[in-house]
Amino acid sequence: MKISIIGGGTAGWISAIIIKSKYPNMDVTLIENMIQGTVGVGESTTVAFTEFLRQCIPDWANFWSETSSMPKLTKRFINWNGLGSDFYCPIDGSITQSEEIDHFTYLLLKENKDASLSSLSRNFHKNNILDIGLDGNIYLPLPACHLDVLKTSIFLRNAGRNKNINHIEGKVTQVKRNKETNDVISVVYNHHDTKKEEEHFADFWIDASGFSRILSRKVPFNSFSKYLPVNKSISAILLRDGSYKSTTTSTAASSGWIWDIPTSKNRSVGYVYCDKYQTKEEAQLELEKYIGYKVSEYRYHEFESGMLENVWNDNVLSVGLCGSFLEPLQATSIHTTVTQISIFASQCIKSTYENMDKPISRKIYNKYIRDMIIDFRNLVNLNYSGKGLDTDFWKNIILTDEVKDIIQLCNERLITKYDFKNYEGAAGLGIWMTILSGIKHIPNEVIEEYEKIEPNWYEYAKTEFNRVQDKFNKIIPERMSNENFEAMIN
C-alpha cells in the first residue's frame, strides 16, 4: 500500500517517521511546500515527543545539540488564581498517580506544602538538575522538550530521508477525488525544482497541511471557542539571558496568557489573547510590558480552538493543526499527533486500502481520538477555573460541564484515578491533581474526612514519602546540572 502525506513540519514528519519505523517496507511519500515554511515560534512538548524520538530515531541524543532544544521538567503558572498566585505542574505527575488515590499530593496539601513536590521531575527542577546522568544517559521517565521548531523540523526531515521516506518539494494546486466514493485519487503539484506541474497518486493520504487543510476543507469543524476563547497570538524570539530553567512559564494576562519558553540560546515569548477584549496594538503593548522593552520583529497568528468532526474521513487522516488545535497551553498539539499516529499505525494500517476501508474500524478510531481531544479540552479549560485577573476576559470564562463536575467532586471526597479516563496518551490523575491543587480546588476538609475512616493513612503516606525523598537525595549527586548539560551540547 502507498501512503502519502501532504505537509511537512513536525506533524507531517512525525507521521511519516512513525509509520515508516513500524512498516519499513511500506511506500511512504511526503509532499512539502518548503516556501510556506513551518508555523511555530518555539514550542513546549510533553514526554510523548521525547518517547517518539527514543523509539523512532537512531542515536537521537544528537537531537539536543542539532536543534538547540532543551529538556523540560515542569510548567509554571503565574497569576492564574489571582495576582501573585504561583504553582507548578510537573510533566510526570505525582509519584503516586498510578495508585487509586494520589497519596503524596494529598499528603503535601495536608501539610500546607507545595503539592507539585510529589513529583520527581519537580524535585529535579527545584534542585537545578535534569534526569540525565553525568555520562549523558537519559533516564526513565524521560524529560519533555523545549523546541526550536524550525531546527526541529529540519532534524525530523533529515531523519525521515534517512529512513527512505520519499520527499517531494512542491505546492499542491489540485486535489482529484473519486466522484462516487469521495476518496482522494491524486494531487497535482508544482515541483519546487523543475517548476513543472506533476501528478502524484496514493492509496491512503494523511493531511498534515495545518490550518490550510488541503485535503480536509469540507470536513465539518466543531469549535471549542465557547470554552477556550483565545484566538490570536503575538510572539517574538529573544536572546535568552541568565541560567537555563527547565520550565515553561505561563503568566495570566488581561485577555489571555503569556508563554515564555527557553531553549539553549533563545526565548520564545508570546501572548495568546482573545480579540473580543483587546486589539492587536493593546496586546502588543501588554507583551512589551512583560518583556521589558520594545521588540523589533513580531509574529502574528490567528486560530480557532476546535477539531474536525472526524479526523479519519474516506481515505484521508487529518493530523496536527489540520485535525485539531486547542491552544498552546498544556502542549497538547504534538502530543496529540504522536498519540494519534501511533494508534493509527498499530491498529488501523493494513496491507491494502481495501482491508483498511472498514466502517467500524474508522468509527471506533474517530471516537477514540474525539474523546481524547475533548478530554484535553477539559484539561485546558480547567486552567481557566482560577480567579485569573480582574478583567472581563476572566470574568466571562465558561467552564465545561465536566470541569464543573470534577471541581464539585473535589469538595465532596478524595479524587481517584477512576474519576478520569484511562487510555494511551491520557494526561493521568497526577496532571489533573497538580492543576486542581494549584488553583486551590481541594479543601483540607475532604482530607480530614478521609482520615476519619482511614486513621493510619497519614503515618503510612508520610513514611513512604520520606522513603522516596531519601532515595531521591541519593540520586542528586549522580545527575547532571542544567548548566553542565547546556555546556555539553554546545
# chains A, B, ... in the order shown; residues from 1 in each chain; ligands from 1
>>> residues_around(residues="segment 221-228 of chain A", least_positions_apart="5", cutoff="9 Å", atoms="only C-alpha atoms", output="VMD selection string")
chain A and resid 304 to 310 324 326 to 327 377 to 378 380 to 381 384 397 to 400
>>> select_by_dssp(residues="segment 57-279 of chain A", states="strand (DSSP E)", output="ChimeraX atom specification")
/A:70-72,74-78,86-90,129-133,144-147,166-177,184-191,197-201,204-207,221-223,232-239,247-253,256-262,266-273
>>> residues_around(residues="Ile3 of chain A", least_positions_apart="2", cutoff="9 Å", atoms="only C-alpha atoms", output="compact mmCIF listing (two decimals) with all heavy atoms, in the first residue's frame")
# COMPACT_ATOMS: atom_id res chain seq x y z
N MET A 1 0.84 -1.19 0.00
CA MET A 1 0.00 0.00 0.00
C MET A 1 0.88 1.25 0.00
O MET A 1 1.95 1.28 0.62
CB MET A 1 -0.93 0.02 1.22
CG MET A 1 -1.91 1.18 1.20
SD MET A 1 -3.15 1.12 2.50
CE MET A 1 -2.11 1.38 3.94
N ILE A 5 1.69 11.83 2.41
CA ILE A 5 1.42 12.85 3.43
C ILE A 5 1.55 14.21 2.78
O ILE A 5 2.55 14.50 2.10
CB ILE A 5 2.41 12.71 4.60
CG1 ILE A 5 2.25 11.32 5.25
CG2 ILE A 5 2.20 13.82 5.63
CD1 ILE A 5 3.40 10.93 6.15
N ALA A 16 5.13 10.49 9.19
CA ALA A 16 5.89 9.67 8.24
C ALA A 16 6.87 8.75 8.95
O ALA A 16 6.99 7.56 8.62
CB ALA A 16 6.61 10.58 7.26
N MET A 26 6.97 -0.24 3.67
CA MET A 26 5.83 0.48 3.11
C MET A 26 6.30 1.70 2.32
O MET A 26 7.28 2.35 2.67
CB MET A 26 4.88 0.92 4.23
CG MET A 26 3.59 1.57 3.73
SD MET A 26 2.31 1.60 5.01
CE MET A 26 1.86 -0.14 5.05
N ASP A 27 5.61 1.97 1.23
CA ASP A 27 5.92 3.13 0.38
C ASP A 27 5.30 4.37 1.01
O ASP A 27 4.08 4.55 0.98
CB ASP A 27 5.35 2.89 -1.02
CG ASP A 27 5.76 3.97 -2.02
OD1 ASP A 27 6.14 5.07 -1.58
OD2 ASP A 27 5.69 3.72 -3.24
N VAL A 28 6.13 5.22 1.60
CA VAL A 28 5.67 6.44 2.27
C VAL A 28 6.29 7.64 1.58
O VAL A 28 7.51 7.73 1.44
CB VAL A 28 6.04 6.44 3.77
CG1 VAL A 28 5.56 7.73 4.43
CG2 VAL A 28 5.45 5.23 4.48
N THR A 29 5.43 8.58 1.16
CA THR A 29 5.89 9.80 0.48
C THR A 29 5.35 11.01 1.22
O THR A 29 4.21 11.01 1.68
CB THR A 29 5.38 9.83 -0.98
OG1 THR A 29 5.92 8.71 -1.69
CG2 THR A 29 5.81 11.12 -1.67
N LEU A 30 6.18 12.05 1.33
CA LEU A 30 5.76 13.30 1.96
C LEU A 30 5.95 14.44 0.96
O LEU A 30 7.05 14.62 0.42
CB LEU A 30 6.54 13.56 3.24
CG LEU A 30 6.08 14.76 4.08
CD1 LEU A 30 6.23 14.47 5.57
CD2 LEU A 30 6.88 16.02 3.72
N ALA A 202 -1.73 7.92 -4.71
CA ALA A 202 -1.52 7.12 -3.49
C ALA A 202 -2.82 6.41 -3.13
O ALA A 202 -3.90 6.75 -3.62
CB ALA A 202 -1.06 8.00 -2.33
N ASP A 203 -2.70 5.40 -2.26
CA ASP A 203 -3.88 4.65 -1.80
C ASP A 203 -4.53 5.32 -0.59
O ASP A 203 -5.76 5.34 -0.46
CB ASP A 203 -3.48 3.22 -1.43
CG ASP A 203 -2.85 2.48 -2.60
OD1 ASP A 203 -3.49 2.42 -3.65
OD2 ASP A 203 -1.71 2.01 -2.45
N PHE A 204 -3.68 5.84 0.30
CA PHE A 204 -4.18 6.48 1.51
C PHE A 204 -3.39 7.76 1.73
O PHE A 204 -2.20 7.84 1.40
CB PHE A 204 -4.04 5.55 2.73
CG PHE A 204 -4.80 6.03 3.93
CD1 PHE A 204 -6.13 5.70 4.09
CD2 PHE A 204 -4.19 6.83 4.89
CE1 PHE A 204 -6.86 6.15 5.19
CE2 PHE A 204 -4.90 7.29 6.00
CZ PHE A 204 -6.24 6.94 6.15
N TRP A 205 -4.07 8.76 2.32
CA TRP A 205 -3.47 10.09 2.46
C TRP A 205 -3.54 10.58 3.91
O TRP A 205 -4.50 10.29 4.62
CB TRP A 205 -4.19 11.11 1.57
CG TRP A 205 -4.20 10.73 0.13
CD1 TRP A 205 -5.03 9.83 -0.48
CD2 TRP A 205 -3.31 11.22 -0.88
NE1 TRP A 205 -4.73 9.73 -1.81
CE2 TRP A 205 -3.68 10.58 -2.09
CE3 TRP A 205 -2.27 12.15 -0.89
CZ2 TRP A 205 -3.02 10.84 -3.29
CZ3 TRP A 205 -1.62 12.41 -2.09
CH2 TRP A 205 -1.99 11.76 -3.28
N ILE A 206 -2.52 11.31 4.30
CA ILE A 206 -2.52 11.98 5.61
C ILE A 206 -2.39 13.47 5.36
O ILE A 206 -1.46 13.93 4.68
CB ILE A 206 -1.36 11.47 6.49
CG1 ILE A 206 -1.59 10.00 6.86
CG2 ILE A 206 -1.25 12.32 7.76
CD1 ILE A 206 -0.48 9.38 7.65
>>> residues_around(residues="Asp419 of chain A", least_positions_apart="5", cutoff="12 Å", atoms="only C-alpha atoms", output="JSON, numbers by chain")
{"A": [100, 101, 102, 402, 403, 405, 406, 407, 409, 410, 413, 414, 428, 429, 430, 432, 433]}
>>> residues_around(residues="Ser296 of chain A", least_positions_apart="6", cutoff="12 Å", atoms="only C-alpha atoms", output="number ranges by chain")
A: 235-238, 284, 288
>>> write_last_selection(atoms="N, CA and C atoms", output="compact mmCIF listing (two decimals), in the first residue's frame")
# COMPACT_ATOMS: atom_id res chain seq x y z
N SER A 235 3.99 37.09 19.07
CA SER A 235 5.16 36.47 19.70
C SER A 235 6.45 37.04 19.16
N ALA A 236 7.53 36.73 19.85
CA ALA A 236 8.86 37.20 19.45
C ALA A 236 9.90 36.19 19.92
N ILE A 237 11.02 36.15 19.21
CA ILE A 237 12.17 35.34 19.61
C ILE A 237 13.23 36.27 20.18
N LEU A 238 13.63 36.01 21.41
CA LEU A 238 14.60 36.85 22.11
C LEU A 238 15.84 36.03 22.46
N GLN A 284 0.04 43.99 21.92
CA GLN A 284 1.47 44.19 21.74
C GLN A 284 2.07 45.00 22.88
N GLU A 288 4.95 43.76 25.44
CA GLU A 288 6.18 44.55 25.63
C GLU A 288 6.40 44.89 27.09
